[in-house]
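**Q** Right, I'll just put the structure down here and ask away after.
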Amino acid sequence: MTDTSHDRLLIIDFGSQVTQLIARRLRELNVYCEIHPYQKVTDAFVTEFAPKAIIFSGGPDSVMRTGSPRPPKAAYEAGVPILGICYGQQVMMHDLGGKVEAGEHATAEFGRAYVTPTEAKAGFVDGWFAQDGREQVWMSHGDHVSEIAPGFTVLGTSPGAPFAMTADLERKFYAVQFHPEVHHTPNGAKLYENFVREAGFSGDWTMGAYREEMIRKIRDQVGDKQVICGLSGGVDSSVAAILLHEAIGDQLTCVFVDHGLLRLNEAEEVVTMFRDNYNLKLIHAAESELFLGELDGQSDPETKRKIIGRLFIDVFQKYANQIEGAEFLAQGTLYPDVIESVSFSGGPSVTIKSHHNVGGLPEKMGLKLVEPLRELFKDEVRELGRELGLPDSFIGRHPFPGPGLAIRCPGEITREKLEILRKADAVYIDQIRKHGLYDDIWQAFVAILPVRTVGVMGDGRTYDFACALRAVTSVDGMTADYYPFEHSFLGETATRIINEVKGINRVTYDITSKPPGTIEWE
Ligand code: XMP
């Protein structure tokens, strides 16, 4: 909160489902912004934050309800431009002397609408309206503004919202009824671009600048103490490790827990990459005997997960204890994990999602946390990874779950099955890469099924495992669609797996979306 080395924009969150998208749009414009729930944004908060501009998000409440959310007075008095979106527009009009009316069926608007410009000129709408004079937007409002506040001008109207876009040009207060941040307002990014230009942002939020700033901060925080970092080889922990290494060199030791549930050659790749190429102090905790031993004979998915979780922490702790003088634990926590969300459901007014990649360890071991990625969104982490010179093969990797192949091996886990699974997965991923599909897919893998089926190869009968191929598209892993491969791709891949992987004689393709399925099989 006290860092003011770059221009800052404050987003006051009134509880819209899409507030994070506002932040995304701004970050794409190299503007640094933070989202804070309205309950926390007091006059003093605004003064301390020292924003160069403020955005009021949308939200589900009605400004006519007594006690509904409000921005603090200091927001209006800060002398900086404000953009109000949907509920944010209504609250602004209401606070500044306009009128808002309750939604009736006739005036509520949900979904696609078209806004047409008025005669008024404003930098905020420069180049925004399409050539034919109207622009598609996404509306989602029950209440509407029925009278604009004194000093405001109408910039655009829609059939259901005569005050779809309004502005007080002198104070640079802008208010729109629709949501410019969503995909269904196709040209919405332009409005954010205009807004931040009008507010005088210099676009100083770049990954190059972030890298320098973070290195300074890490050095300040850590001093001459030792830091431990759990490295999985995934994007977040890899980028965090490289950044830390750049900042504090040999004061960093990474621990890579090899639980024997990794993919083909994965352990070697991670170790070679970080120890040999980056010269990073890396402990390769080769503990497959321990994990596979305790998993032996277990087939219940929850039991398997619990065993792995418990052992992971034990092992991590065992190796971390060997690092003398360690005072910090680094985690690849990202911004979406720390955004405080607005809660309307009573109880504490805000819920903070905290992220513990190695659950509870910092407290248990008396370690302090270093979280060098906590201001970044996932795609910014990738950009930072590129900036740090990490190869694309690491940056663009599909997510891989902590319990690894264990949750792709329903039923009992055996070394034989893991061996077969690794080989089949490698062939499948090779096929996907060869066909240029890897980057179009969120996640792809093979699951080995706990059934043997009869087949025929050459003159002989086979009795081998069946496997399922999984490939999904997704934005965040919360929902997913199966990937629509060409049949020829599926046929070719099945043939390759059966020919190249001894132990599999049947290949199926999983066409379940999420929900109702999950991405993983367990
Ligand atoms: P599901 O299977 O729940 O997975 O649809 C959603 C996403 O989360 C990943 N996943 C995990 N990641 N530890 C992890 O680090 C886990 O225990 C875990 N379980 C699932 C999964 O790979 C997918 O990307």
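Every chain in the structure tokens has a letter given in the order shown (A, B, ...), and although residue numbers restart at 1 in each chain, ligands are simply numbered from 1 in the order shown.
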Within 7 Å of ligand 1, which residues show up when you count only C-alpha atoms and all ligand atoms? List them as a PyMOL selection string, please.

**A** chain A and resi 399-403+443+477-478+514+518-522

**Q** Filtering to N, CA, C and O atoms, could you give me those residues as a PDB file, in the first residue's frame?

**A**
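What ended up in selection-v3.pdb:
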```pdb
ATOM      1  N   PRO A 399      -1.088 -26.787 -16.732  1.00  0.00           N
ATOM      2  CA  PRO A 399      -1.020 -27.008 -15.286  1.00  0.00           C
ATOM      3  C   PRO A 399      -0.853 -28.503 -14.986  1.00  0.00           C
ATOM      4  O   PRO A 399      -1.337 -29.345 -15.742  1.00  0.00           O
ATOM      5  N   PHE A 400      -0.148 -28.773 -13.899  1.00  0.00           N
ATOM      6  CA  PHE A 400       0.032 -30.161 -13.469  1.00  0.00           C
ATOM      7  C   PHE A 400      -0.270 -30.207 -11.975  1.00  0.00           C
ATOM      8  O   PHE A 400       0.266 -29.421 -11.205  1.00  0.00           O
ATOM      9  N   PRO A 401      -1.147 -31.091 -11.543  1.00  0.00           N
ATOM     10  CA  PRO A 401      -1.589 -31.051 -10.144  1.00  0.00           C
ATOM     11  C   PRO A 401      -0.518 -31.537  -9.170  1.00  0.00           C
ATOM     12  O   PRO A 401       0.298 -32.394  -9.523  1.00  0.00           O
ATOM     13  N   GLY A 402      -0.565 -31.006  -7.967  1.00  0.00           N
ATOM     14  CA  GLY A 402       0.378 -31.402  -6.917  1.00  0.00           C
ATOM     15  C   GLY A 402       0.460 -32.919  -6.717  1.00  0.00           C
ATOM     16  O   GLY A 402       1.554 -33.485  -6.645  1.00  0.00           O
ATOM     17  N   PRO A 403      -0.679 -33.627  -6.631  1.00  0.00           N
ATOM     18  CA  PRO A 403      -0.613 -35.089  -6.420  1.00  0.00           C
ATOM     19  C   PRO A 403      -0.167 -35.849  -7.668  1.00  0.00           C
ATOM     20  O   PRO A 403      -0.077 -37.085  -7.646  1.00  0.00           O
ATOM     21  N   GLN A 443      -5.305 -28.051 -20.814  1.00  0.00           N
ATOM     22  CA  GLN A 443      -4.659 -29.161 -20.139  1.00  0.00           C
ATOM     23  C   GLN A 443      -4.949 -30.439 -20.905  1.00  0.00           C
ATOM     24  O   GLN A 443      -6.086 -30.657 -21.319  1.00  0.00           O
ATOM     25  N   GLY A 477      -9.768 -23.173 -15.111  1.00  0.00           N
ATOM     26  CA  GLY A 477      -9.859 -24.502 -14.506  1.00  0.00           C
ATOM     27  C   GLY A 477     -11.149 -24.725 -13.717  1.00  0.00           C
ATOM     28  O   GLY A 477     -11.410 -25.830 -13.267  1.00  0.00           O
ATOM     29  N   MET A 478     -11.951 -23.667 -13.554  1.00  0.00           N
ATOM     30  CA  MET A 478     -13.189 -23.815 -12.783  1.00  0.00           C
ATOM     31  C   MET A 478     -14.282 -24.488 -13.605  1.00  0.00           C
ATOM     32  O   MET A 478     -15.095 -25.250 -13.092  1.00  0.00           O
ATOM     33  N   LYS A 514     -16.775 -29.880 -17.687  1.00  0.00           N
ATOM     34  CA  LYS A 514     -16.790 -29.595 -16.249  1.00  0.00           C
ATOM     35  C   LYS A 514     -17.626 -28.362 -16.003  1.00  0.00           C
ATOM     36  O   LYS A 514     -17.278 -27.325 -16.554  1.00  0.00           O
ATOM     37  N   THR A 518     -14.997 -33.464 -13.485  1.00  0.00           N
ATOM     38  CA  THR A 518     -13.866 -32.612 -13.132  1.00  0.00           C
ATOM     39  C   THR A 518     -12.844 -32.814 -14.234  1.00  0.00           C
ATOM     40  O   THR A 518     -13.007 -33.695 -15.083  1.00  0.00           O
ATOM     41  N   ILE A 519     -11.801 -32.009 -14.206  1.00  0.00           N
ATOM     42  CA  ILE A 519     -10.776 -32.152 -15.239  1.00  0.00           C
ATOM     43  C   ILE A 519      -9.986 -33.431 -14.975  1.00  0.00           C
ATOM     44  O   ILE A 519      -9.844 -34.276 -15.851  1.00  0.00           O
ATOM     45  N   GLU A 520      -9.498 -33.556 -13.760  1.00  0.00           N
ATOM     46  CA  GLU A 520      -8.773 -34.778 -13.392  1.00  0.00           C
ATOM     47  C   GLU A 520      -9.783 -35.904 -13.170  1.00  0.00           C
ATOM     48  O   GLU A 520     -10.980 -35.670 -13.028  1.00  0.00           O
ATOM     49  N   TRP A 521      -9.247 -37.127 -13.064  1.00  0.00           N
ATOM     50  CA  TRP A 521     -10.145 -38.277 -12.876  1.00  0.00           C
ATOM     51  C   TRP A 521     -10.405 -38.593 -11.422  1.00  0.00           C
ATOM     52  O   TRP A 521     -11.285 -39.381 -11.103  1.00  0.00           O
ATOM     53  N   GLU A 522      -9.625 -38.008 -10.552  1.00  0.00           N
ATOM     54  CA  GLU A 522      -9.880 -38.216  -9.118  1.00  0.00           C
ATOM     55  C   GLU A 522      -9.744 -36.901  -8.388  1.00  0.00           C
ATOM     56  O   GLU A 522      -8.936 -36.055  -8.767  1.00  0.00           O
TER      57      GLU A 522
END
```

**Q** Counting only C-alpha atoms, what is within 8 Å of stretch 244-246 of chain A, bar same-chain residues fewer than 2 positions away, as an MDAnalysis selection string?

**A** chainID A and resid 215 218 240:242 248:252 280 372

**Q** Go ahead and save the picked residues with all heavy atoms, as a PDB file, in the first residue's frame.

**A**
```pdb
ATOM      1  N   ILE A 215      13.094  -7.044  -7.336  1.00  0.00           N
ATOM      2  CA  ILE A 215      14.439  -7.432  -6.901  1.00  0.00           C
ATOM      3  C   ILE A 215      14.860  -6.539  -5.731  1.00  0.00           C
ATOM      4  O   ILE A 215      15.369  -7.005  -4.714  1.00  0.00           O
ATOM      5  CB  ILE A 215      15.422  -7.365  -8.094  1.00  0.00           C
ATOM      6  CG1 ILE A 215      15.126  -8.548  -9.021  1.00  0.00           C
ATOM      7  CG2 ILE A 215      16.879  -7.356  -7.627  1.00  0.00           C
ATOM      8  CD1 ILE A 215      15.894  -8.573 -10.297  1.00  0.00           C
ATOM      9  N   ILE A 218      12.745  -7.584  -2.634  1.00  0.00           N
ATOM     10  CA  ILE A 218      13.164  -8.864  -2.057  1.00  0.00           C
ATOM     11  C   ILE A 218      14.436  -8.641  -1.233  1.00  0.00           C
ATOM     12  O   ILE A 218      14.566  -9.115  -0.112  1.00  0.00           O
ATOM     13  CB  ILE A 218      13.403  -9.923  -3.162  1.00  0.00           C
ATOM     14  CG1 ILE A 218      12.085 -10.272  -3.862  1.00  0.00           C
ATOM     15  CG2 ILE A 218      14.043 -11.181  -2.581  1.00  0.00           C
ATOM     16  CD1 ILE A 218      12.252 -11.092  -5.136  1.00  0.00           C
ATOM     17  N   ALA A 240       8.989 -17.584  -9.734  1.00  0.00           N
ATOM     18  CA  ALA A 240       9.339 -17.059  -8.414  1.00  0.00           C
ATOM     19  C   ALA A 240      10.796 -17.409  -8.083  1.00  0.00           C
ATOM     20  O   ALA A 240      11.552 -16.560  -7.603  1.00  0.00           O
ATOM     21  CB  ALA A 240       8.399 -17.639  -7.352  1.00  0.00           C
ATOM     22  N   ALA A 241      11.192 -18.649  -8.361  1.00  0.00           N
ATOM     23  CA  ALA A 241      12.556 -19.078  -8.033  1.00  0.00           C
ATOM     24  C   ALA A 241      13.600 -18.275  -8.813  1.00  0.00           C
ATOM     25  O   ALA A 241      14.600 -17.827  -8.256  1.00  0.00           O
ATOM     26  CB  ALA A 241      12.716 -20.569  -8.314  1.00  0.00           C
ATOM     27  N   ILE A 242      13.351 -18.084 -10.106  1.00  0.00           N
ATOM     28  CA  ILE A 242      14.341 -17.363 -10.923  1.00  0.00           C
ATOM     29  C   ILE A 242      14.455 -15.903 -10.468  1.00  0.00           C
ATOM     30  O   ILE A 242      15.546 -15.338 -10.381  1.00  0.00           O
ATOM     31  CB  ILE A 242      13.946 -17.414 -12.421  1.00  0.00           C
ATOM     32  CG1 ILE A 242      13.883 -18.863 -12.896  1.00  0.00           C
ATOM     33  CG2 ILE A 242      14.913 -16.619 -13.273  1.00  0.00           C
ATOM     34  CD1 ILE A 242      15.177 -19.598 -12.838  1.00  0.00           C
ATOM     35  N   ILE A 248      18.804 -12.592  -4.822  1.00  0.00           N
ATOM     36  CA  ILE A 248      19.616 -12.932  -3.642  1.00  0.00           C
ATOM     37  C   ILE A 248      20.580 -14.094  -3.876  1.00  0.00           C
ATOM     38  O   ILE A 248      21.241 -14.539  -2.944  1.00  0.00           O
ATOM     39  CB  ILE A 248      18.716 -13.257  -2.424  1.00  0.00           C
ATOM     40  CG1 ILE A 248      17.723 -14.375  -2.762  1.00  0.00           C
ATOM     41  CG2 ILE A 248      17.980 -12.021  -1.926  1.00  0.00           C
ATOM     42  CD1 ILE A 248      17.003 -14.945  -1.563  1.00  0.00           C
ATOM     43  N   GLY A 249      20.659 -14.560  -5.113  1.00  0.00           N
ATOM     44  CA  GLY A 249      21.660 -15.579  -5.480  1.00  0.00           C
ATOM     45  C   GLY A 249      21.666 -16.777  -4.550  1.00  0.00           C
ATOM     46  O   GLY A 249      20.644 -17.432  -4.355  1.00  0.00           O
ATOM     47  N   ASP A 250      22.822 -17.026  -3.933  1.00  0.00           N
ATOM     48  CA  ASP A 250      23.016 -18.231  -3.132  1.00  0.00           C
ATOM     49  C   ASP A 250      22.299 -18.221  -1.785  1.00  0.00           C
ATOM     50  O   ASP A 250      22.348 -19.219  -1.068  1.00  0.00           O
ATOM     51  CB  ASP A 250      24.514 -18.472  -2.901  1.00  0.00           C
ATOM     52  CG  ASP A 250      25.086 -19.284  -4.040  1.00  0.00           C
ATOM     53  OD1 ASP A 250      24.296 -19.661  -4.939  1.00  0.00           O
ATOM     54  OD2 ASP A 250      26.304 -19.541  -4.037  1.00  0.00           O
ATOM     55  N   GLN A 251      21.646 -17.124  -1.460  1.00  0.00           N
ATOM     56  CA  GLN A 251      20.846 -17.152  -0.221  1.00  0.00           C
ATOM     57  C   GLN A 251      19.556 -17.935  -0.439  1.00  0.00           C
ATOM     58  O   GLN A 251      18.776 -18.141   0.477  1.00  0.00           O
ATOM     59  CB  GLN A 251      20.482 -15.723   0.205  1.00  0.00           C
ATOM     60  CG  GLN A 251      21.621 -14.937   0.815  1.00  0.00           C
ATOM     61  CD  GLN A 251      21.278 -13.457   0.830  1.00  0.00           C
ATOM     62  OE1 GLN A 251      21.763 -12.689   0.007  1.00  0.00           O
ATOM     63  NE2 GLN A 251      20.425 -13.047   1.737  1.00  0.00           N
ATOM     64  N   LEU A 252      19.326 -18.335  -1.688  1.00  0.00           N
ATOM     65  CA  LEU A 252      18.117 -19.108  -2.004  1.00  0.00           C
ATOM     66  C   LEU A 252      18.453 -20.587  -2.178  1.00  0.00           C
ATOM     67  O   LEU A 252      19.399 -20.940  -2.869  1.00  0.00           O
ATOM     68  CB  LEU A 252      17.512 -18.591  -3.317  1.00  0.00           C
ATOM     69  CG  LEU A 252      16.345 -19.401  -3.875  1.00  0.00           C
ATOM     70  CD1 LEU A 252      15.075 -19.134  -3.067  1.00  0.00           C
ATOM     71  CD2 LEU A 252      16.086 -19.077  -5.344  1.00  0.00           C
ATOM     72  N   LEU A 280      21.273 -22.702  -9.748  1.00  0.00           N
ATOM     73  CA  LEU A 280      20.515 -22.445  -8.529  1.00  0.00           C
ATOM     74  C   LEU A 280      20.783 -23.556  -7.510  1.00  0.00           C
ATOM     75  O   LEU A 280      20.959 -24.708  -7.892  1.00  0.00           O
ATOM     76  CB  LEU A 280      19.064 -22.502  -8.992  1.00  0.00           C
ATOM     77  CG  LEU A 280      18.034 -21.635  -8.399  1.00  0.00           C
ATOM     78  CD1 LEU A 280      17.163 -21.058  -9.508  1.00  0.00           C
ATOM     79  CD2 LEU A 280      17.170 -22.517  -7.560  1.00  0.00           C
ATOM     80  N   PRO A 372       6.906 -13.012  -4.131  1.00  0.00           N
ATOM     81  CA  PRO A 372       7.270 -12.010  -5.138  1.00  0.00           C
ATOM     82  C   PRO A 372       6.282 -11.875  -6.296  1.00  0.00           C
ATOM     83  O   PRO A 372       6.437 -10.990  -7.117  1.00  0.00           O
ATOM     84  CB  PRO A 372       8.637 -12.491  -5.635  1.00  0.00           C
ATOM     85  CG  PRO A 372       8.675 -13.932  -5.331  1.00  0.00           C
ATOM     86  CD  PRO A 372       7.819 -14.174  -4.138  1.00  0.00           C
TER      87      PRO A 372
END
```

**Q** Mind giving me the straight-line distance from atom CA of A:Tyr509 to atom CA of A:Ile497 in Å, one decimal?

**A**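 That distance, rounded to one decimal, is 12.7 Å.
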
**Q** Measuring atom to atom with only C-alpha atoms, identify which of A:Thr116, A:Ser146, A:Thr453, A:Gln131 is nearest to A:Pro159.

**A**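 Under the stated criterion, the closest residue is A:Thr116.
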
**Q** Could you name the residues that touch A:Ile11 at 10 Å or less, counting only C-alpha atoms, but leaving out those on the same chain fewer than 4 positions away, as a list in words?

**A** Thr19, Gln20, Ile22, Ala23, Cys33, Glu34, Ile35, His36, Pro37, Tyr38, Val41, Pro51, Ala53, Ile54, Ile55, Phe56, Ser57, Ile82, Leu83 and Gly84 of chain A

**Q** Can you list, as a ChimeraX atom specification, every residue of stretch 299-337 of chain A that DSSP puts in strand (DSSP E or B)?

**A** /A:326-330

**Q** Those same residues - N, CA and C atoms - I'd like them written as a PDB file, in the first residue's frame.

**A**
```pdb
ATOM      1  N   ALA A 326      17.663 -20.681   7.738  1.00  0.00           N
ATOM      2  CA  ALA A 326      16.554 -20.268   6.876  1.00  0.00           C
ATOM      3  C   ALA A 326      15.518 -19.493   7.693  1.00  0.00           C
ATOM      4  N   GLU A 327      15.154 -18.326   7.208  1.00  0.00           N
ATOM      5  CA  GLU A 327      14.154 -17.525   7.919  1.00  0.00           C
ATOM      6  C   GLU A 327      12.926 -17.235   7.071  1.00  0.00           C
ATOM      7  N   PHE A 328      13.067 -17.483   5.762  1.00  0.00           N
ATOM      8  CA  PHE A 328      11.957 -17.156   4.870  1.00  0.00           C
ATOM      9  C   PHE A 328      11.551 -18.346   4.013  1.00  0.00           C
ATOM     10  N   LEU A 329      10.273 -18.395   3.704  1.00  0.00           N
ATOM     11  CA  LEU A 329       9.758 -19.385   2.764  1.00  0.00           C
ATOM     12  C   LEU A 329       9.134 -18.616   1.601  1.00  0.00           C
ATOM     13  N   ALA A 330       9.561 -18.928   0.376  1.00  0.00           N
ATOM     14  CA  ALA A 330       9.014 -18.233  -0.783  1.00  0.00           C
ATOM     15  C   ALA A 330       7.820 -18.997  -1.333  1.00  0.00           C
TER      16      ALA A 330
END
```

**Q** Would you list the contacts of A:Ala426 as a list in words, taking every protein, DNA or RNA residue within 12 Å and counting only C-alpha atoms, but skipping same-chain residues closer than 4 positions in sequence?

**A** Leu262, Arg263, Leu264, Asn265, Glu266, Glu419, Ile420, Leu421, Arg422, Asp430, Gln431, Ile432, Arg433, Ala444, Phe445, Val446, Ala447, Leu469, Thr493, Arg496, Ile497, Glu500 and Val501 of chain A

**Q** Print the selection's residues with N, CA, C and O atoms to a file, as a compact mmCIF listing (two decimals), in the first residue's frame.

**A**
```
# COMPACT_ATOMS: atom_id res chain seq x y z
N LEU A 262 5.66 -38.15 -11.06
CA LEU A 262 5.90 -37.14 -12.09
C LEU A 262 5.83 -37.78 -13.47
O LEU A 262 5.80 -38.99 -13.60
N ARG A 263 5.83 -36.91 -14.48
CA ARG A 263 5.73 -37.41 -15.85
C ARG A 263 7.11 -37.88 -16.36
O ARG A 263 8.12 -37.68 -15.69
N LEU A 264 7.09 -38.43 -17.56
CA LEU A 264 8.32 -39.01 -18.12
C LEU A 264 9.43 -37.95 -18.16
O LEU A 264 9.22 -36.87 -18.71
N ASN A 265 10.57 -38.26 -17.60
CA ASN A 265 11.76 -37.38 -17.59
C ASN A 265 11.57 -36.04 -16.89
O ASN A 265 12.41 -35.16 -16.99
N GLU A 266 10.47 -35.87 -16.19
CA GLU A 266 10.17 -34.56 -15.62
C GLU A 266 11.20 -34.15 -14.56
O GLU A 266 11.67 -33.01 -14.55
N GLU A 419 4.42 -46.57 -14.95
CA GLU A 419 5.36 -46.67 -16.07
C GLU A 419 4.61 -46.58 -17.40
O GLU A 419 4.98 -45.86 -18.32
N ILE A 420 3.51 -47.34 -17.48
CA ILE A 420 2.69 -47.36 -18.70
C ILE A 420 2.08 -45.97 -18.94
O ILE A 420 2.10 -45.42 -20.04
N LEU A 421 1.57 -45.40 -17.86
CA LEU A 421 0.92 -44.09 -17.96
C LEU A 421 1.89 -43.03 -18.46
O LEU A 421 1.56 -42.22 -19.33
N ARG A 422 3.10 -43.03 -17.92
CA ARG A 422 4.11 -42.04 -18.34
C ARG A 422 4.37 -42.14 -19.83
O ARG A 422 4.44 -41.12 -20.53
N ASP A 430 3.18 -35.57 -27.31
CA ASP A 430 3.98 -35.42 -28.52
C ASP A 430 3.07 -35.23 -29.74
O ASP A 430 3.31 -34.38 -30.59
N GLN A 431 2.00 -36.01 -29.79
CA GLN A 431 1.02 -35.87 -30.88
C GLN A 431 0.42 -34.46 -30.89
O GLN A 431 0.30 -33.83 -31.93
N ILE A 432 0.04 -34.00 -29.70
CA ILE A 432 -0.59 -32.67 -29.59
C ILE A 432 0.37 -31.58 -30.05
O ILE A 432 0.00 -30.67 -30.80
N ARG A 433 1.62 -31.70 -29.63
CA ARG A 433 2.62 -30.70 -30.06
C ARG A 433 2.85 -30.77 -31.57
O ARG A 433 2.89 -29.75 -32.24
N ALA A 444 -3.95 -31.27 -21.07
CA ALA A 444 -4.17 -32.56 -21.74
C ALA A 444 -3.33 -33.62 -21.05
O ALA A 444 -2.21 -33.34 -20.63
N PHE A 445 -3.90 -34.78 -20.88
CA PHE A 445 -3.17 -35.87 -20.21
C PHE A 445 -3.88 -37.19 -20.48
O PHE A 445 -5.00 -37.23 -20.98
N VAL A 446 -3.18 -38.26 -20.09
CA VAL A 446 -3.77 -39.59 -20.18
C VAL A 446 -4.09 -40.07 -18.76
O VAL A 446 -3.35 -39.77 -17.82
N ALA A 447 -5.21 -40.76 -18.61
CA ALA A 447 -5.50 -41.46 -17.36
C ALA A 447 -5.49 -42.95 -17.67
O ALA A 447 -6.03 -43.38 -18.71
N LEU A 469 -7.93 -40.60 -22.92
CA LEU A 469 -7.26 -39.33 -23.22
C LEU A 469 -8.17 -38.22 -22.73
O LEU A 469 -9.39 -38.30 -22.86
N THR A 493 -3.58 -41.04 -32.88
CA THR A 493 -3.00 -41.08 -31.53
C THR A 493 -3.24 -42.44 -30.88
O THR A 493 -2.33 -43.02 -30.26
N ARG A 496 -0.83 -44.89 -32.35
CA ARG A 496 0.54 -44.71 -31.83
C ARG A 496 0.67 -45.24 -30.40
O ARG A 496 1.63 -45.92 -30.08
N ILE A 497 -0.31 -44.92 -29.56
CA ILE A 497 -0.19 -45.37 -28.16
C ILE A 497 -0.18 -46.90 -28.09
O ILE A 497 0.66 -47.50 -27.41
N GLU A 500 3.16 -48.15 -29.51
CA GLU A 500 4.41 -47.75 -28.85
C GLU A 500 4.44 -48.03 -27.35
O GLU A 500 5.50 -48.00 -26.75
N VAL A 501 3.26 -48.25 -26.76
CA VAL A 501 3.24 -48.42 -25.31
C VAL A 501 2.77 -49.83 -24.95
O VAL A 501 1.59 -50.15 -25.12
```

**Q** If we count only C-alpha atoms, what is near A:Phe465 at a cut-off of 6 Å, once residues fewer than 5 positions away on the same chain are taken out, given as a PyMOL selection string?

**A** chain A and resi 451-452+503-504

**Q** Quick one, how far is atom CA of A:Leu9 from atom CA of A:Tyr32?

**A** 6.2 Å

**Q** Please identify every residue of stretch 60-128 of chain A that has at least one atom no farther than 9 Å from an atom of stretch 170-191 of chain A, counting only C-alpha atoms, and for each give the shortest atom pair and the distance in Å to one decimal, arranged by chain then increasing number, as a Markdown table.

**A**
```
| residue | atom | partner | partner_atom | distance |
| --- | --- | --- | --- | --- |
| A:Tyr76 | CA | A:Phe173 | CA | 8.9 |
| A:Gly79 | CA | A:Arg171 | CA | 7.4 |
| A:Val80 | CA | A:Lys172 | CA | 7.5 |
| A:Pro81 | CA | A:Lys172 | CA | 4.8 |
| A:Ile82 | CA | A:Phe173 | CA | 4.7 |
| A:Leu83 | CA | A:Tyr174 | CA | 4.7 |
| A:Gly84 | CA | A:Ala175 | CA | 4.4 |
| A:Ile85 | CA | A:Val176 | CA | 5.2 |
| A:Cys86 | CA | A:Gln177 | CA | 4.3 |
| A:Tyr87 | CA | A:Gln177 | CA | 7.7 |
| A:Gly88 | CA | A:Ala175 | CA | 7.3 |
| A:Gln89 | CA | A:Ala175 | CA | 4.7 |
| A:Gln90 | CA | A:Gln177 | CA | 7.8 |
| A:Met92 | CA | A:Ala175 | CA | 7.5 |
| A:Met93 | CA | A:Ala175 | CA | 8.2 |
| A:Gly111 | CA | A:His184 | CA | 8.5 |
| A:Arg112 | CA | A:His184 | CA | 7.3 |
| A:Ala113 | CA | A:Phe178 | CA | 8.9 |
| A:Phe124 | CA | A:Leu191 | CA | 6.4 |
| A:Val125 | CA | A:Leu191 | CA | 6.6 |
| A:Asp126 | CA | A:Leu191 | CA | 8.4 |
| A:Gly127 | CA | A:Lys190 | CA | 7.9 |
| A:Trp128 | CA | A:Lys190 | CA | 6.3 |
```

**Q** Please return as a ChimeraX atom specification: the residues of stretch 138-381 of chain A that backbone DSSP assigns to alpha helix (DSSP H).

**A** /A:188-198,207-222,235-248,266-271,288-295,301-321,335-338,361-365,378-381

**Q** What's the 12 Å shell around A:Gly260, counting only C-alpha atoms, without same-chain residues fewer than 6 positions away, as a PyMOL selection string?

**A** chain A and resi 266-267+284-295+308+312+402-406+413-415+418-419+422

**Q** Report, in Å with one decimal, the straight-line distance from atom CA of A:Asp476 to atom CA of A:Pro60.

**A** 23.3 Å
